[in-house]
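Written below as structure tokens is the structure these notes are about.
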Amino acid sequence: MFVFVAIILVFVAYTISVKFVYYRYGKLWPRLRNKISTPLYTVGNSNFCPTQVRSSALPRNREDEKPRVTVSETRALFVTAHPDDECMFFAPTVLKLVESRAALYLLCLSTGNYNNQGVQRKRELLDSCAVLGIPSNHVTIIDDKELPDDPAVQWSTALISSLILKHIRNYSISVVLTFDGRGVSGHANHIAIYKTLRHLASAGRLPQGCQIFSLHSISLLRKYLSVLELPVSWLLPSDFCCLIGREEYKRAKRAMLCHRSQLLWFRRLYILFSRYMFVNTFQAITVETKNVKIY
């Protein structure tokens, strides 16, 4: 009897903690949104830290004649490897930024043609983006033999770099979101994107004020705790976090269901139990800027 009561009390306490996370997140979201609306960068070897200066106060590059980015003009680029990554891993972030009226762009670096389904998967990706709220004219799908959907193939860093930089400059991107060094699922194509962006950031090749965030990879146990994992994500440090509720989860689920060619039994279990359907936590990648000395 005592064990039963203890289990009930633990369950109630954990349920309260989940509700508390949602409550606190609702209060803190405007501040989190402003964090990605304000360019964060480092000079030389200084550590990453949020700046208190709005982007309008940053010096403009002489070659950049485009308007500065403000809070209401956040322009986010998601860089993914395959069709379905956008909703399988990044749905909470996409939905929160759409809700905040940010301009979202998606660069998908392959057609997902591993099983010769590339044409179908491109259509599924566009359907998924329509559900999530990303306009079709903001979606770019790369079909290049140097970037096949194959974990055994080493992707071209030079090609990935040129594609990402072209998007950042053409669309005045203020924040880029992608995978971290473990690629969430360990997929080599995911990791290749992270390595490329980390190189661009450390080499000072990104436009001034452009921020890079990488999606945290977590343990298998935490990954499949669904909404019960939220208190853990809340307590652990992160630089940016997006959390969605029941209604947004239903929308993320509809986006996942658009990828009909990928709906094997384990994907359906993923939709039910993955914490990535409810929450994303990110780490900022330090962006170096080149110092220009004037004599």
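Here, A, B, ... name the chains of the structure tokens in the order displayed, residue numbers run from 1 inside each chain, and ligands are numbered from 1 in the same displayed order.
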Contacts of A:Leu106 at 7 Å (only C-alpha atoms; same-chain gap of 3+ positions) as a PyMOL selection string
chain A and resi 77-79+138-140
Please extract the residues of stretch 180-227 of chain A with a backbone DSSP assignment of helix (DSSP H, G or I) and present them as a PyMOL selection string.
chain A and resi 183-186+188-202+220-223+226-227
Put those residues in a file: C-alpha atoms, as a short mmCIF file (atom, residue, chain, number, x, y, z; two decimals), in the first residue's frame.
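Just written: part-v7.cif:
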data_model
loop_
_atom_site.label_atom_id
_atom_site.label_comp_id
_atom_site.auth_asym_id
_atom_site.auth_seq_id
_atom_site.Cartn_x
_atom_site.Cartn_y
_atom_site.Cartn_z
CA GLY A 183 23.50 14.79 -35.27
CA VAL A 184 20.62 13.89 -32.87
CA SER A 185 20.31 10.46 -34.50
CA GLY A 186 24.01 10.00 -35.21
CA ALA A 188 26.72 11.23 -40.77
CA ASN A 189 24.89 13.68 -43.08
CA HIS A 190 23.53 15.59 -40.05
CA ILE A 191 26.99 15.77 -38.51
CA ALA A 192 28.50 17.03 -41.77
CA ILE A 193 26.23 20.09 -41.66
CA TYR A 194 27.28 20.88 -38.08
CA LYS A 195 30.98 20.55 -38.90
CA THR A 196 30.58 22.87 -41.88
CA LEU A 197 28.75 25.55 -39.90
CA ARG A 198 31.21 25.29 -37.04
CA HIS A 199 34.04 25.83 -39.52
CA LEU A 200 32.30 28.84 -41.08
CA ALA A 201 31.69 30.31 -37.62
CA SER A 202 35.25 29.77 -36.34
CA LEU A 220 18.10 7.42 -25.82
CA LEU A 221 16.16 7.26 -22.54
CA ARG A 222 15.46 11.00 -22.45
CA LYS A 223 14.68 11.02 -26.17
CA SER A 226 7.84 12.35 -24.53
CA VAL A 227 6.39 15.23 -22.50
#
Which of stretch 61-169 of chain A DSSP labels strand (DSSP E or B), written as a VMD selection string
chain A and resid 75 to 80 103 to 108 139 to 141
I need the residue nearest A:Phe278 from this list: A:Ser156, A:Ser238, A:Thr93, A:Asn34. Use only C-alpha atoms for the distance.
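Comparing A:Ser156, A:Ser238, A:Thr93, A:Asn34 against A:Phe278, the winner is A:Thr93.
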Name the residues in contact with stretch 118-135 of chain A at a cut-off of 6 Å, using only C-alpha atoms, excluding same-chain residues fewer than 3 positions from it; report them as a PDB file with all heavy atoms, in the first residue's frame.
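Writing the result to selection.pdb gives the following:
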ATOM      1  N   PRO A  83      14.485  15.309 -46.337  1.00  0.00           N
ATOM      2  CA  PRO A  83      13.065  15.561 -46.120  1.00  0.00           C
ATOM      3  C   PRO A  83      12.581  14.747 -44.915  1.00  0.00           C
ATOM      4  O   PRO A  83      12.918  13.573 -44.800  1.00  0.00           O
ATOM      5  CB  PRO A  83      12.415  15.050 -47.425  1.00  0.00           C
ATOM      6  CG  PRO A  83      13.502  15.136 -48.447  1.00  0.00           C
ATOM      7  CD  PRO A  83      14.767  14.805 -47.713  1.00  0.00           C
ATOM      8  N   THR A 111      17.561  15.129 -51.477  1.00  0.00           N
ATOM      9  CA  THR A 111      16.170  14.780 -51.790  1.00  0.00           C
ATOM     10  C   THR A 111      15.703  13.551 -51.022  1.00  0.00           C
ATOM     11  O   THR A 111      14.556  13.142 -51.157  1.00  0.00           O
ATOM     12  CB  THR A 111      16.012  14.491 -53.294  1.00  0.00           C
ATOM     13  OG1 THR A 111      16.839  13.370 -53.651  1.00  0.00           O
ATOM     14  CG2 THR A 111      16.416  15.709 -54.120  1.00  0.00           C
ATOM     15  N   GLY A 112      16.596  12.944 -50.225  1.00  0.00           N
ATOM     16  CA  GLY A 112      16.218  11.724 -49.515  1.00  0.00           C
ATOM     17  C   GLY A 112      16.034  10.549 -50.446  1.00  0.00           C
ATOM     18  O   GLY A 112      15.120   9.743 -50.263  1.00  0.00           O
ATOM     19  N   ASN A 113      16.942  10.446 -51.435  1.00  0.00           N
ATOM     20  CA  ASN A 113      16.761   9.461 -52.503  1.00  0.00           C
ATOM     21  C   ASN A 113      17.444   8.123 -52.203  1.00  0.00           C
ATOM     22  O   ASN A 113      17.789   7.369 -53.112  1.00  0.00           O
ATOM     23  CB  ASN A 113      17.315  10.026 -53.813  1.00  0.00           C
ATOM     24  CG  ASN A 113      16.771   9.308 -55.026  1.00  0.00           C
ATOM     25  OD1 ASN A 113      15.606   8.927 -55.057  1.00  0.00           O
ATOM     26  ND2 ASN A 113      17.616   9.117 -56.033  1.00  0.00           N
ATOM     27  N   HIS A 138       9.990  29.533 -49.832  1.00  0.00           N
ATOM     28  CA  HIS A 138      11.077  29.672 -48.861  1.00  0.00           C
ATOM     29  C   HIS A 138      11.786  28.336 -48.637  1.00  0.00           C
ATOM     30  O   HIS A 138      12.617  28.227 -47.740  1.00  0.00           O
ATOM     31  CB  HIS A 138      10.549  30.184 -47.523  1.00  0.00           C
ATOM     32  CG  HIS A 138      10.181  31.638 -47.547  1.00  0.00           C
ATOM     33  ND1 HIS A 138       9.961  32.378 -46.385  1.00  0.00           N
ATOM     34  CD2 HIS A 138       9.986  32.512 -48.561  1.00  0.00           C
ATOM     35  CE1 HIS A 138       9.639  33.610 -46.704  1.00  0.00           C
ATOM     36  NE2 HIS A 138       9.643  33.716 -48.030  1.00  0.00           N
ATOM     37  N   ALA A 255       2.283  17.212 -39.779  1.00  0.00           N
ATOM     38  CA  ALA A 255       3.428  17.409 -40.665  1.00  0.00           C
ATOM     39  C   ALA A 255       4.205  16.106 -40.840  1.00  0.00           C
ATOM     40  O   ALA A 255       4.620  15.764 -41.951  1.00  0.00           O
ATOM     41  CB  ALA A 255       4.342  18.500 -40.107  1.00  0.00           C
ATOM     42  N   CYS A 258       2.662  13.728 -43.278  1.00  0.00           N
ATOM     43  CA  CYS A 258       2.804  14.070 -44.695  1.00  0.00           C
ATOM     44  C   CYS A 258       3.885  13.224 -45.351  1.00  0.00           C
ATOM     45  O   CYS A 258       3.853  13.005 -46.566  1.00  0.00           O
ATOM     46  CB  CYS A 258       3.157  15.547 -44.851  1.00  0.00           C
ATOM     47  SG  CYS A 258       1.803  16.685 -44.450  1.00  0.00           S
ATOM     48  N   HIS A 259       4.842  12.754 -44.554  1.00  0.00           N
ATOM     49  CA  HIS A 259       5.937  11.948 -45.094  1.00  0.00           C
ATOM     50  C   HIS A 259       5.503  10.490 -45.137  1.00  0.00           C
ATOM     51  O   HIS A 259       6.029   9.631 -44.418  1.00  0.00           O
ATOM     52  CB  HIS A 259       7.189  12.144 -44.240  1.00  0.00           C
ATOM     53  CG  HIS A 259       7.750  13.524 -44.306  1.00  0.00           C
ATOM     54  ND1 HIS A 259       8.557  13.965 -45.345  1.00  0.00           N
ATOM     55  CD2 HIS A 259       7.602  14.597 -43.475  1.00  0.00           C
ATOM     56  CE1 HIS A 259       8.892  15.225 -45.145  1.00  0.00           C
ATOM     57  NE2 HIS A 259       8.324  15.637 -44.018  1.00  0.00           N
TER      58      HIS A 259
END
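The residue that comes closest to A:Ala103, out of A:Arg169, A:His82, A:Arg75, A:Arg275 and on the basis of only C-alpha atoms, is A:Arg75.
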Env of stretch 31-33 of chain A: 12 Å cut, atoms = only C-alpha atoms, seq-sep filter 6 positions within chain, self excluded. Answer as JSON, numbers by chain.
{"A": [24, 25, 39, 50, 70, 71, 72, 73, 74, 75, 76, 93, 96, 97, 98, 99, 100, 101, 102, 175, 238, 239, 240, 241, 242, 243, 281, 282]}
Take the residues just selected and output them with C-alpha atoms as a short mmCIF file (atom, residue, chain, number, x, y, z; two decimals), in the first residue's frame.
data_model
loop_
_atom_site.label_atom_id
_atom_site.label_comp_id
_atom_site.auth_asym_id
_atom_site.auth_seq_id
_atom_site.Cartn_x
_atom_site.Cartn_y
_atom_site.Cartn_z
CA ARG A 24 7.33 29.46 -16.70
CA TYR A 25 8.08 28.98 -20.36
CA PRO A 39 22.61 39.34 -33.06
CA PRO A 50 24.18 37.80 -25.24
CA THR A 70 14.89 44.03 -36.02
CA VAL A 71 12.83 42.03 -33.53
CA SER A 72 9.87 41.93 -35.90
CA GLU A 73 12.12 40.98 -38.82
CA THR A 74 13.77 37.83 -37.49
CA ARG A 75 14.85 35.72 -40.45
CA ALA A 76 15.65 32.12 -39.53
CA THR A 93 11.07 25.58 -33.07
CA LYS A 96 7.07 28.81 -32.19
CA LEU A 97 8.85 31.03 -34.72
CA VAL A 98 5.88 30.91 -37.10
CA GLU A 99 3.68 31.95 -34.18
CA SER A 100 6.09 34.86 -33.59
CA ARG A 101 5.78 35.90 -37.25
CA ALA A 102 9.43 35.32 -38.05
CA VAL A 175 19.87 33.04 -37.21
CA SER A 238 20.78 25.64 -22.97
CA ASP A 239 21.12 28.84 -24.99
CA PHE A 240 17.72 28.67 -26.67
CA CYS A 241 14.61 26.57 -26.07
CA CYS A 242 11.30 26.04 -27.86
CA LEU A 243 8.39 24.23 -26.19
CA THR A 281 16.95 22.87 -26.80
CA PHE A 282 19.91 24.48 -28.55
#
Skipping near chain neighbours, those fewer than 3 positions away, what residues fall within 8 Å of A:Pro231 using only C-alpha atoms, listed as a list in words?
Ser17, Val18, Val21, Leu228, Trp234 and Leu235 of chain A
Which residue out of A:Ala152, A:Ile36, A:Leu95, A:Leu109 has the minimum interatomic distance to A:Ile212 when only C-alpha atoms are used?
A:Ile36
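Computed from the coordinates, the atom CA of A:Asn170 to atom CA of A:Pro148 distance equals 24.6 Å.
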